[in-house]
Amino acid sequence: AAWAAEPASRFDFEEIEAGIDETHHVADGYDADVLLRWGDPLFPGAPAFDPLTQTAEKQRLQFGYNNDFVGFVPLDGSADRGLLVVNHEYTNEELMFPGLRRQDSKQAAFAGMTRELVDIEMAAHGGSVVEIARAGGKWSVVADSRYTRRITAETEMAIHGPAAGHERLRTSYDTEGRSVRGMINNCAGGVTPWGTWLTCEENTNNYFWGEVADDHREAKNYKRIGITGSPWQAWGRFHERFDVTKEPNEPNRFGWVVEIDPMDPASTPKKRTAMGRFKHEGAANALSADGRFVVYQGDDERFDYVYRFVTTAKVDMANRANNADILDDGVLHVARFDADGRGRWMRLVQGEGPLTPANGFASQADVVIEARRAADLLGATKMDRPEDVEANPKTGKVYVMLTNNSKRKADQVDAANPRPENAFGHIVEISPDGGDHAAEGFAWEILVKCGDPSIAAVGATFSSATSANGWFGMPDNCAVDAQGRLWIATDGNGPKSTSRADGLWALETEGAGRGASKHFFRVPAGAEMCGPYFTADDTTLFLAVQHPGESDDDKAPGTFEAPATRWPDFKPGMPPRPAVVVVTKRGGGAIA
Ligand code: FEO
Ligand code: CA
Ligand code: CA
Ligand code: CA
């Protein structure tokens, strides 16, 4: 009814039906082509993918597993040629390798893992830089590009910022605390205005075996980040650095934002410790009124926080080299959302307020290493799992995806997290004071409470213009297109075995249509929707289909032998393969 004379939403594509089957679906009039799949050879001479003869050596030359963040860096300002930067967040042993089974629904480390399989996994983690070019309206991979790069869990990286060189980061491998092998569990990320890739380490705790004693220096720290002796990965069985009883400081070397220069394949990735250590979802960015660089960051955990980092230096758009290390110097903040619709960014600076030596913060290194504990002391607002945060360059508003929090009890609700047992999540909209991303204060409101609006008990608040296909739950990643419109990707929109696959929805944020949502794309069974990323002209949308075929149903586990789908190849014996999909409008033009 609300679709009458005045359009409720600026999105004029015809929405798809919510549902689930073995393949992906996009709105009529659009193409959604698979561009890059797990195992695709990236370098000249790299071996073709064969899941039965896979080795770590081959995997290092091939596209990695579980693509999550996708970014695009144009080459020479071209709209038709650029570098795709892609995170490979984690691995699904049960879908990658024959005969492997999850031991229980808690994803305890796999019993059947061998050293060689672990090394394949480590090579399938990290990220990829791939040059792509557009011809005749279609994108393809440039096979012999000088920019091609694989980053893995073994790639040498430099530690920068206040924690660099600190004794809490020193190990037997790196007695200086300045270099670390690899990045792991890289979830979302960002592309800076100077063309570097920010890639964010998230659930790094799940890789570490063992526990430290209660009186160990890191006991509180590791408890707060979740190193509990029940890892998801088998790595610690074969690699001592992933066992805290053998290498007690190694976990402090993960959980950072990593900056990578895709223009220089020989460059050393840098872990930017000034931006804090927690379960980084992403690194959305904006410029302050005076030209400093601002990064919004979610810490994806129930009852954890939204952060913001503001550089000391201004971004130099005329001289790229001047931005090389500006992320090493600035102020990390954490958000407090007050009941009156106001909020405040609180400074996480050693020596200020409770961040004293008496509380375990002797230097800024201690503050960034234990950013969560520092934020606890400042009284930051405990949120319902902060995922992606994006700033809208057209309106100056900032959107925070809060994916869900089934553990919030009725006596724990607050204005910014108003639902107990929040199964479907919600989205908070922040309006920085004076439109300045570096301002201390902001106004905020809830844009939408997610879930099925036809079930009153759910309490969803999509506008009435939203159809039965248009609602979603579990907002995770998001993107703002060049027209300033918000697109939302979901993770766990319904239990994986039920009738609604994850996908991409277009959510109107302005005018009469505010809160109207439409379904644009959906993933195959068992997958999560990641990306999304628009090119500057809105003619191309990159999406990442992560873990197709995964199952959380113990009675019907997704396995190599019998996956829920064999997307995207659909060949007997070929497992499902996480892949990057390119969406374009048939006949060309901006995605509408
Ligand atoms: Fe890797 Fe918070 O999703
Ligand atoms: Ca994910
Ligand atoms: Ca995510
Ligand atoms: Ca998620």
# chains A, B, ... in the order shown; residues from 1 in each chain; ligands from 1
call {"tool": "closest_atom_pairs", "arguments": {"of": "chain A", "to": "ligand 3", "cutoff": "9 Å", "atoms": "only C-alpha atoms and all ligand atoms", "output": "tab-separated table"}}
result
residue	atom	partner	partner_atom_place_in_ligand_line	distance
A:Asp68	CA	ligand 3	1 (Ca)	7.2
A:Phe69	CA	ligand 3	1 (Ca)	8.2
A:Cys187	CA	ligand 3	1 (Ca)	5.5
A:Ala188	CA	ligand 3	1 (Ca)	5.9
A:Glu202	CA	ligand 3	1 (Ca)	8.8
A:Glu281	CA	ligand 3	1 (Ca)	5.9
A:Gly282	CA	ligand 3	1 (Ca)	7.8
A:Asp300	CA	ligand 3	1 (Ca)	8.1
A:Glu387	CA	ligand 3	1 (Ca)	6.0
A:Asp388	CA	ligand 3	1 (Ca)	6.8
A:Pro475	CA	ligand 3	1 (Ca)	8.9
A:Asp476	CA	ligand 3	1 (Ca)	5.2
A:Asn477	CA	ligand 3	1 (Ca)	5.6
A:Ala489	CA	ligand 3	1 (Ca)	9.0
A:Thr490	CA	ligand 3	1 (Ca)	8.5
A:Asp491	CA	ligand 3	1 (Ca)	7.4
A:Glu528	CA	ligand 3	1 (Ca)	9.0
A:Met529	CA	ligand 3	1 (Ca)	8.8
A:Cys530	CA	ligand 3	1 (Ca)	7.0
A:Gly531	CA	ligand 3	1 (Ca)	8.9
call {"tool": "write_last_selection", "arguments": {"atoms": "N, CA and C atoms", "output": "mmCIF file, in the first residue's frame"}}
result
data_model
loop_
_atom_site.group_PDB
_atom_site.id
_atom_site.type_symbol
_atom_site.label_atom_id
_atom_site.label_comp_id
_atom_site.auth_asym_id
_atom_site.auth_seq_id
_atom_site.Cartn_x
_atom_site.Cartn_y
_atom_site.Cartn_z
ATOM 1 N N ASP A 68 35.947 -12.768 2.521
ATOM 2 C CA ASP A 68 35.045 -11.939 3.332
ATOM 3 C C ASP A 68 35.070 -10.521 2.773
ATOM 4 N N PHE A 69 35.910 -9.627 3.313
ATOM 5 C CA PHE A 69 36.001 -8.277 2.755
ATOM 6 C C PHE A 69 36.505 -8.321 1.311
ATOM 7 N N CYS A 187 38.393 -10.441 8.794
ATOM 8 C CA CYS A 187 36.960 -10.392 8.513
ATOM 9 C C CYS A 187 36.686 -9.279 7.508
ATOM 10 N N ALA A 188 36.233 -8.120 7.983
ATOM 11 C CA ALA A 188 35.984 -7.028 7.044
ATOM 12 C C ALA A 188 37.214 -6.117 6.989
ATOM 13 N N GLU A 202 39.949 -10.714 13.395
ATOM 14 C CA GLU A 202 38.760 -10.776 14.244
ATOM 15 C C GLU A 202 38.866 -11.857 15.335
ATOM 16 N N GLU A 281 36.012 -6.184 13.461
ATOM 17 C CA GLU A 281 35.183 -6.556 12.319
ATOM 18 C C GLU A 281 35.700 -5.870 11.055
ATOM 19 N N GLY A 282 35.738 -4.533 11.086
ATOM 20 C CA GLY A 282 36.107 -3.804 9.873
ATOM 21 C C GLY A 282 36.803 -2.502 10.190
ATOM 22 N N ASP A 300 33.446 -7.358 17.372
ATOM 23 C CA ASP A 300 32.350 -8.317 17.252
ATOM 24 C C ASP A 300 32.338 -9.340 18.385
ATOM 25 N N GLU A 387 29.273 -5.220 14.314
ATOM 26 C CA GLU A 387 29.939 -5.719 13.101
ATOM 27 C C GLU A 387 30.387 -4.500 12.289
ATOM 28 N N ASP A 388 30.059 -4.502 10.995
ATOM 29 C CA ASP A 388 30.516 -3.400 10.147
ATOM 30 C C ASP A 388 29.963 -2.054 10.606
ATOM 31 N N PRO A 475 22.181 -8.252 10.516
ATOM 32 C CA PRO A 475 23.022 -7.407 9.663
ATOM 33 C C PRO A 475 24.495 -7.602 10.034
ATOM 34 N N ASP A 476 25.353 -7.703 9.040
ATOM 35 C CA ASP A 476 26.775 -7.963 9.318
ATOM 36 C C ASP A 476 27.634 -6.967 8.542
ATOM 37 N N ASN A 477 27.811 -7.198 7.246
ATOM 38 C CA ASN A 477 28.588 -6.248 6.443
ATOM 39 C C ASN A 477 27.643 -5.252 5.793
ATOM 40 N N ALA A 489 24.423 -6.709 4.124
ATOM 41 C CA ALA A 489 24.643 -8.145 3.938
ATOM 42 C C ALA A 489 24.413 -8.846 5.275
ATOM 43 N N THR A 490 23.832 -10.028 5.219
ATOM 44 C CA THR A 490 23.474 -10.714 6.473
ATOM 45 C C THR A 490 24.305 -11.972 6.688
ATOM 46 N N ASP A 491 24.385 -12.337 7.966
ATOM 47 C CA ASP A 491 25.071 -13.560 8.399
ATOM 48 C C ASP A 491 24.171 -14.258 9.401
ATOM 49 N N GLU A 528 27.269 -17.423 3.774
ATOM 50 C CA GLU A 528 27.068 -16.116 4.392
ATOM 51 C C GLU A 528 27.397 -15.075 3.316
ATOM 52 N N MET A 529 26.706 -13.927 3.389
ATOM 53 C CA MET A 529 26.944 -12.864 2.408
ATOM 54 C C MET A 529 28.000 -11.899 2.931
ATOM 55 N N CYS A 530 29.120 -11.810 2.204
ATOM 56 C CA CYS A 530 30.172 -10.862 2.583
ATOM 57 C C CYS A 530 30.441 -9.898 1.430
ATOM 58 N N GLY A 531 31.575 -9.160 1.477
ATOM 59 C CA GLY A 531 31.690 -7.952 0.698
ATOM 60 C C GLY A 531 30.869 -6.958 1.497
#
call {"tool": "select_by_dssp", "arguments": {"residues": "range 165-360 of chain A", "states": "helix (DSSP H, G or I)", "output": "MDAnalysis selection string"}}
result
chainID A and resid 167:169 204:207 219:225 235:237 240:242 250:253 273:275 320:323 326:328 357:359
call {"tool": "write_last_selection", "arguments": {"atoms": "C-alpha atoms", "output": "compact mmCIF listing (two decimals), in the first residue's frame"}}
result
# COMPACT_ATOMS: atom_id res chain seq x y z
CA GLU A 167 57.97 -6.94 25.94
CA ARG A 168 54.41 -8.29 25.86
CA LEU A 169 54.85 -8.87 22.11
CA THR A 204 42.03 -14.73 16.65
CA ASN A 205 41.45 -16.32 20.07
CA ASN A 206 40.06 -19.45 18.42
CA TYR A 207 43.47 -20.36 17.02
CA ALA A 219 45.63 -14.08 32.51
CA LYS A 220 43.08 -11.24 32.60
CA ASN A 221 43.92 -10.20 29.06
CA TYR A 222 43.47 -13.68 27.59
CA LYS A 223 40.30 -14.31 29.54
CA ARG A 224 38.82 -11.07 28.23
CA ILE A 225 39.67 -11.93 24.59
CA TRP A 235 47.13 -25.44 14.39
CA GLY A 236 48.49 -25.54 17.95
CA ARG A 237 48.93 -29.31 17.65
CA GLU A 240 54.10 -24.30 18.93
CA ARG A 241 53.46 -20.58 18.45
CA PHE A 242 49.73 -21.30 18.51
CA GLU A 250 51.97 -14.92 20.65
CA PRO A 251 48.25 -13.98 21.05
CA ASN A 252 49.25 -10.35 21.68
CA ARG A 253 50.63 -10.28 18.13
CA THR A 273 48.67 -1.25 16.98
CA ALA A 274 47.53 2.33 17.66
CA MET A 275 44.06 1.24 16.51
CA ARG A 320 50.75 9.56 -1.16
CA ALA A 321 54.07 8.85 0.59
CA ASN A 322 53.19 11.31 3.36
CA ASN A 323 50.38 8.98 4.49
CA ILE A 326 49.89 8.22 9.70
CA LEU A 327 47.99 5.29 11.27
CA ASP A 328 50.72 4.97 13.90
CA PRO A 357 49.67 1.87 36.14
CA ALA A 358 47.65 0.81 39.20
CA ASN A 359 45.06 -0.63 36.83
call {"tool": "residues_around", "arguments": {"residues": "Val34 in chain A", "least_positions_apart": "2", "cutoff": "12 Å", "atoms": "only C-alpha atoms", "output": "CSV table (one decimal) with C-alpha atoms, in the first residue's frame"}}
result
chain,number,residue,atom,x,y,z
A,23,THR,CA,22.6,-21.5,-6.0
A,24,HIS,CA,22.7,-17.7,-5.9
A,31,ASP,CA,24.1,-10.4,-14.0
A,32,ALA,CA,25.9,-12.0,-11.1
A,36,LEU,CA,37.3,-15.8,-8.4
A,37,ARG,CA,36.9,-19.2,-6.6
A,38,TRP,CA,38.8,-20.9,-3.8
A,40,ASP,CA,41.8,-20.6,-8.7
A,138,LYS,CA,32.6,-7.9,-18.1
A,139,TRP,CA,35.4,-8.1,-15.5
A,140,SER,CA,38.1,-10.8,-15.7
A,141,VAL,CA,41.3,-11.6,-13.9
A,542,PHE,CA,31.6,-7.0,-5.7
A,543,LEU,CA,30.1,-9.6,-3.4
A,544,ALA,CA,31.8,-12.4,-1.5
A,545,VAL,CA,30.0,-15.7,-1.0
A,567,TRP,CA,28.2,-24.2,-5.8
A,568,PRO,CA,29.6,-22.7,-8.0
A,569,ASP,CA,30.9,-25.6,-10.1
A,577,ARG,CA,34.0,-23.2,-3.2
A,578,PRO,CA,33.8,-19.8,-1.6
A,579,ALA,CA,33.9,-17.2,-4.4
A,580,VAL,CA,33.8,-13.5,-5.3
A,581,VAL,CA,30.8,-12.6,-7.5
A,582,VAL,CA,30.5,-9.5,-9.7
A,583,VAL,CA,27.1,-7.9,-10.2
A,584,THR,CA,26.5,-5.6,-13.2
call {"tool": "residues_around", "arguments": {"residues": "Glu508 in chain A", "least_positions_apart": "5", "cutoff": "7 Å", "atoms": "only C-alpha atoms", "output": "PyMOL selection string"}}
result
chain A and resi 9-10+485-486+513-517
call {"tool": "atom_distance", "arguments": {"atom1": "CA of Ala501 in chain A", "atom2": "CA of Thr403 in chain A"}}
result
15.6 Å
call {"tool": "select_by_dssp", "arguments": {"residues": "range 257-421 of chain A", "states": "strand (DSSP E)", "output": "PyMOL selection string"}}
result
chain A and resi 257-260+270-272+284-287+292-298+302-304+306-314+330-337+342-347+383-384+386-391+398-402
call {"tool": "write_last_selection", "arguments": {"atoms": "C-alpha atoms", "output": "mmCIF file, in the first residue's frame"}}
result
data_model
loop_
_atom_site.group_PDB
_atom_site.id
_atom_site.type_symbol
_atom_site.label_atom_id
_atom_site.label_comp_id
_atom_site.auth_asym_id
_atom_site.auth_seq_id
_atom_site.Cartn_x
_atom_site.Cartn_y
_atom_site.Cartn_z
ATOM 1 C CA VAL A 257 44.238 -3.891 11.921
ATOM 2 C CA VAL A 258 46.795 -4.625 9.196
ATOM 3 C CA GLU A 259 47.650 -2.064 6.500
ATOM 4 C CA ILE A 260 48.842 -3.462 3.173
ATOM 5 C CA LYS A 270 52.076 -3.454 8.886
ATOM 6 C CA LYS A 271 50.056 -4.259 11.994
ATOM 7 C CA ARG A 272 48.785 -0.866 13.205
ATOM 8 C CA ALA A 284 35.263 1.998 7.740
ATOM 9 C CA ASN A 285 36.817 5.338 7.108
ATOM 10 C CA ALA A 286 36.046 9.005 6.695
ATOM 11 C CA LEU A 287 37.801 12.348 6.938
ATOM 12 C CA ARG A 292 42.392 13.964 9.550
ATOM 13 C CA PHE A 293 41.757 10.269 8.939
ATOM 14 C CA VAL A 294 38.980 8.655 10.983
ATOM 15 C CA VAL A 295 38.414 4.903 11.224
ATOM 16 C CA TYR A 296 35.238 3.445 12.742
ATOM 17 C CA GLN A 297 35.639 -0.064 14.130
ATOM 18 C CA GLY A 298 33.296 -2.660 15.604
ATOM 19 C CA ARG A 302 28.334 -9.888 22.674
ATOM 20 C CA PHE A 303 28.486 -6.894 25.050
ATOM 21 C CA ASP A 304 31.502 -5.322 23.368
ATOM 22 C CA VAL A 306 32.224 0.473 19.005
ATOM 23 C CA TYR A 307 35.564 2.260 18.557
ATOM 24 C CA ARG A 308 36.884 5.186 16.575
ATOM 25 C CA PHE A 309 40.468 6.094 15.733
ATOM 26 C CA VAL A 310 41.446 9.636 14.707
ATOM 27 C CA THR A 311 44.914 10.294 13.300
ATOM 28 C CA THR A 312 47.045 13.186 14.489
ATOM 29 C CA ALA A 313 48.148 14.046 10.963
ATOM 30 C CA LYS A 314 45.952 15.157 8.090
ATOM 31 C CA GLY A 330 46.414 9.216 16.807
ATOM 32 C CA VAL A 331 43.758 8.742 19.452
ATOM 33 C CA LEU A 332 41.631 5.634 19.928
ATOM 34 C CA HIS A 333 38.124 6.272 21.304
ATOM 35 C CA VAL A 334 35.265 4.103 22.497
ATOM 36 C CA ALA A 335 31.574 4.976 22.285
ATOM 37 C CA ARG A 336 29.054 5.624 25.019
ATOM 38 C CA PHE A 337 25.419 5.779 23.898
ATOM 39 C CA ARG A 342 23.225 11.683 22.733
ATOM 40 C CA GLY A 343 26.585 9.938 22.782
ATOM 41 C CA ARG A 344 30.237 10.570 23.427
ATOM 42 C CA TRP A 345 33.564 9.289 22.112
ATOM 43 C CA MET A 346 35.806 8.630 25.121
ATOM 44 C CA ARG A 347 39.592 8.745 24.776
ATOM 45 C CA MET A 383 26.547 -3.474 22.437
ATOM 46 C CA ASP A 384 24.813 -6.389 20.682
ATOM 47 C CA PRO A 386 29.139 -4.600 16.649
ATOM 48 C CA GLU A 387 29.939 -5.719 13.101
ATOM 49 C CA ASP A 388 30.516 -3.400 10.147
ATOM 50 C CA VAL A 389 30.351 0.363 10.585
ATOM 51 C CA GLU A 390 30.121 2.601 7.516
ATOM 52 C CA ALA A 391 30.089 6.366 7.107
ATOM 53 C CA VAL A 398 27.432 6.615 10.334
ATOM 54 C CA TYR A 399 25.746 3.206 10.401
ATOM 55 C CA VAL A 400 26.564 0.525 12.974
ATOM 56 C CA MET A 401 25.468 -3.053 12.280
ATOM 57 C CA LEU A 402 24.617 -4.866 15.535
#
call {"tool": "decode", "arguments": {"residues": "range 314-420 of chain A", "atoms": "C-alpha atoms", "output": "PDB file, in the first residue's frame"}}
result
ATOM      1  CA  LYS A 314      45.952  15.157   8.090  1.00  0.00           C
ATOM      2  CA  VAL A 315      45.660  13.000   5.008  1.00  0.00           C
ATOM      3  CA  ASP A 316      47.874  14.311   2.187  1.00  0.00           C
ATOM      4  CA  MET A 317      46.007  13.667  -1.058  1.00  0.00           C
ATOM      5  CA  ALA A 318      48.754  15.347  -3.093  1.00  0.00           C
ATOM      6  CA  ASN A 319      51.616  13.192  -1.856  1.00  0.00           C
ATOM      7  CA  ARG A 320      50.751   9.555  -1.158  1.00  0.00           C
ATOM      8  CA  ALA A 321      54.067   8.849   0.586  1.00  0.00           C
ATOM      9  CA  ASN A 322      53.189  11.305   3.359  1.00  0.00           C
ATOM     10  CA  ASN A 323      50.376   8.984   4.488  1.00  0.00           C
ATOM     11  CA  ALA A 324      52.658   5.957   4.807  1.00  0.00           C
ATOM     12  CA  ASP A 325      52.602   5.793   8.603  1.00  0.00           C
ATOM     13  CA  ILE A 326      49.888   8.218   9.703  1.00  0.00           C
ATOM     14  CA  LEU A 327      47.986   5.294  11.265  1.00  0.00           C
ATOM     15  CA  ASP A 328      50.725   4.967  13.902  1.00  0.00           C
ATOM     16  CA  ASP A 329      49.877   8.206  15.642  1.00  0.00           C
ATOM     17  CA  GLY A 330      46.414   9.216  16.807  1.00  0.00           C
ATOM     18  CA  VAL A 331      43.758   8.742  19.452  1.00  0.00           C
ATOM     19  CA  LEU A 332      41.631   5.634  19.928  1.00  0.00           C
ATOM     20  CA  HIS A 333      38.124   6.272  21.304  1.00  0.00           C
ATOM     21  CA  VAL A 334      35.265   4.103  22.497  1.00  0.00           C
ATOM     22  CA  ALA A 335      31.574   4.976  22.285  1.00  0.00           C
ATOM     23  CA  ARG A 336      29.054   5.624  25.019  1.00  0.00           C
ATOM     24  CA  PHE A 337      25.419   5.779  23.898  1.00  0.00           C
ATOM     25  CA  ASP A 338      23.219   7.657  26.382  1.00  0.00           C
ATOM     26  CA  ALA A 339      19.483   7.208  26.896  1.00  0.00           C
ATOM     27  CA  ASP A 340      18.702  10.753  25.734  1.00  0.00           C
ATOM     28  CA  GLY A 341      19.866  10.053  22.189  1.00  0.00           C
ATOM     29  CA  ARG A 342      23.225  11.683  22.733  1.00  0.00           C
ATOM     30  CA  GLY A 343      26.585   9.938  22.782  1.00  0.00           C
ATOM     31  CA  ARG A 344      30.237  10.570  23.427  1.00  0.00           C
ATOM     32  CA  TRP A 345      33.564   9.289  22.112  1.00  0.00           C
ATOM     33  CA  MET A 346      35.806   8.630  25.121  1.00  0.00           C
ATOM     34  CA  ARG A 347      39.592   8.745  24.776  1.00  0.00           C
ATOM     35  CA  LEU A 348      41.623   5.593  25.408  1.00  0.00           C
ATOM     36  CA  VAL A 349      44.827   7.350  26.406  1.00  0.00           C
ATOM     37  CA  GLN A 350      47.239   6.091  29.046  1.00  0.00           C
ATOM     38  CA  GLY A 351      47.374   8.297  32.143  1.00  0.00           C
ATOM     39  CA  GLU A 352      43.892   9.730  31.579  1.00  0.00           C
ATOM     40  CA  GLY A 353      41.097   8.720  33.974  1.00  0.00           C
ATOM     41  CA  PRO A 354      41.358   5.110  35.150  1.00  0.00           C
ATOM     42  CA  LEU A 355      44.019   4.122  32.588  1.00  0.00           C
ATOM     43  CA  THR A 356      46.782   4.152  35.174  1.00  0.00           C
ATOM     44  CA  PRO A 357      49.670   1.870  36.145  1.00  0.00           C
ATOM     45  CA  ALA A 358      47.649   0.807  39.202  1.00  0.00           C
ATOM     46  CA  ASN A 359      45.058  -0.625  36.829  1.00  0.00           C
ATOM     47  CA  GLY A 360      47.679  -2.345  34.686  1.00  0.00           C
ATOM     48  CA  PHE A 361      48.176   0.407  32.120  1.00  0.00           C
ATOM     49  CA  ALA A 362      51.784   1.524  32.463  1.00  0.00           C
ATOM     50  CA  SER A 363      52.058   2.737  28.884  1.00  0.00           C
ATOM     51  CA  GLN A 364      49.960   3.247  25.758  1.00  0.00           C
ATOM     52  CA  ALA A 365      51.161  -0.210  24.677  1.00  0.00           C
ATOM     53  CA  ASP A 366      49.199  -1.694  27.596  1.00  0.00           C
ATOM     54  CA  VAL A 367      46.135   0.336  26.599  1.00  0.00           C
ATOM     55  CA  VAL A 368      46.104  -0.863  22.988  1.00  0.00           C
ATOM     56  CA  ILE A 369      46.957  -4.487  23.865  1.00  0.00           C
ATOM     57  CA  GLU A 370      44.044  -4.591  26.314  1.00  0.00           C
ATOM     58  CA  ALA A 371      41.748  -2.095  24.609  1.00  0.00           C
ATOM     59  CA  ARG A 372      38.681  -3.991  25.808  1.00  0.00           C
ATOM     60  CA  ARG A 373      39.675  -3.838  29.461  1.00  0.00           C
ATOM     61  CA  ALA A 374      40.531  -0.151  29.116  1.00  0.00           C
ATOM     62  CA  ALA A 375      37.111   0.491  27.562  1.00  0.00           C
ATOM     63  CA  ASP A 376      35.451  -1.473  30.398  1.00  0.00           C
ATOM     64  CA  LEU A 377      36.979   0.957  32.914  1.00  0.00           C
ATOM     65  CA  LEU A 378      35.688   3.980  30.965  1.00  0.00           C
ATOM     66  CA  GLY A 379      32.121   2.691  31.091  1.00  0.00           C
ATOM     67  CA  ALA A 380      31.610   2.280  27.350  1.00  0.00           C
ATOM     68  CA  THR A 381      28.218   0.971  26.178  1.00  0.00           C
ATOM     69  CA  LYS A 382      28.040  -2.806  25.848  1.00  0.00           C
ATOM     70  CA  MET A 383      26.547  -3.474  22.437  1.00  0.00           C
ATOM     71  CA  ASP A 384      24.813  -6.389  20.682  1.00  0.00           C
ATOM     72  CA  ARG A 385      27.875  -7.569  18.673  1.00  0.00           C
ATOM     73  CA  PRO A 386      29.139  -4.600  16.649  1.00  0.00           C
ATOM     74  CA  GLU A 387      29.939  -5.719  13.101  1.00  0.00           C
ATOM     75  CA  ASP A 388      30.516  -3.400  10.147  1.00  0.00           C
ATOM     76  CA  VAL A 389      30.351   0.363  10.585  1.00  0.00           C
ATOM     77  CA  GLU A 390      30.121   2.601   7.516  1.00  0.00           C
ATOM     78  CA  ALA A 391      30.089   6.366   7.107  1.00  0.00           C
ATOM     79  CA  ASN A 392      27.816   7.803   4.422  1.00  0.00           C
ATOM     80  CA  PRO A 393      29.838  10.473   2.568  1.00  0.00           C
ATOM     81  CA  LYS A 394      26.644  12.100   1.222  1.00  0.00           C
ATOM     82  CA  THR A 395      24.950  12.647   4.597  1.00  0.00           C
ATOM     83  CA  GLY A 396      27.809  12.423   7.113  1.00  0.00           C
ATOM     84  CA  LYS A 397      25.849   9.828   9.099  1.00  0.00           C
ATOM     85  CA  VAL A 398      27.432   6.615  10.334  1.00  0.00           C
ATOM     86  CA  TYR A 399      25.746   3.206  10.401  1.00  0.00           C
ATOM     87  CA  VAL A 400      26.564   0.525  12.974  1.00  0.00           C
ATOM     88  CA  MET A 401      25.468  -3.053  12.280  1.00  0.00           C
ATOM     89  CA  LEU A 402      24.617  -4.866  15.535  1.00  0.00           C
ATOM     90  CA  THR A 403      24.149  -8.434  14.453  1.00  0.00           C
ATOM     91  CA  ASN A 404      22.432 -10.081  17.453  1.00  0.00           C
ATOM     92  CA  ASN A 405      22.859 -10.914  21.112  1.00  0.00           C
ATOM     93  CA  SER A 406      20.907 -13.879  22.340  1.00  0.00           C
ATOM     94  CA  LYS A 407      22.509 -13.528  25.779  1.00  0.00           C
ATOM     95  CA  ARG A 408      21.189 -10.074  26.680  1.00  0.00           C
ATOM     96  CA  LYS A 409      18.784 -10.488  29.551  1.00  0.00           C
ATOM     97  CA  ALA A 410      15.722  -8.342  30.207  1.00  0.00           C
ATOM     98  CA  ASP A 411      17.505  -6.504  33.028  1.00  0.00           C
ATOM     99  CA  GLN A 412      20.468  -5.733  30.743  1.00  0.00           C
ATOM    100  CA  VAL A 413      18.703  -3.749  28.035  1.00  0.00           C
ATOM    101  CA  ASP A 414      19.555  -0.095  27.431  1.00  0.00           C
ATOM    102  CA  ALA A 415      18.424   2.550  24.960  1.00  0.00           C
ATOM    103  CA  ALA A 416      20.923   1.545  22.276  1.00  0.00           C
ATOM    104  CA  ASN A 417      20.367  -2.180  22.819  1.00  0.00           C
ATOM    105  CA  PRO A 418      16.683  -2.302  23.698  1.00  0.00           C
ATOM    106  CA  ARG A 419      15.751  -5.913  23.000  1.00  0.00           C
ATOM    107  CA  PRO A 420      16.348  -8.796  25.409  1.00  0.00           C
TER     108      PRO A 420
END
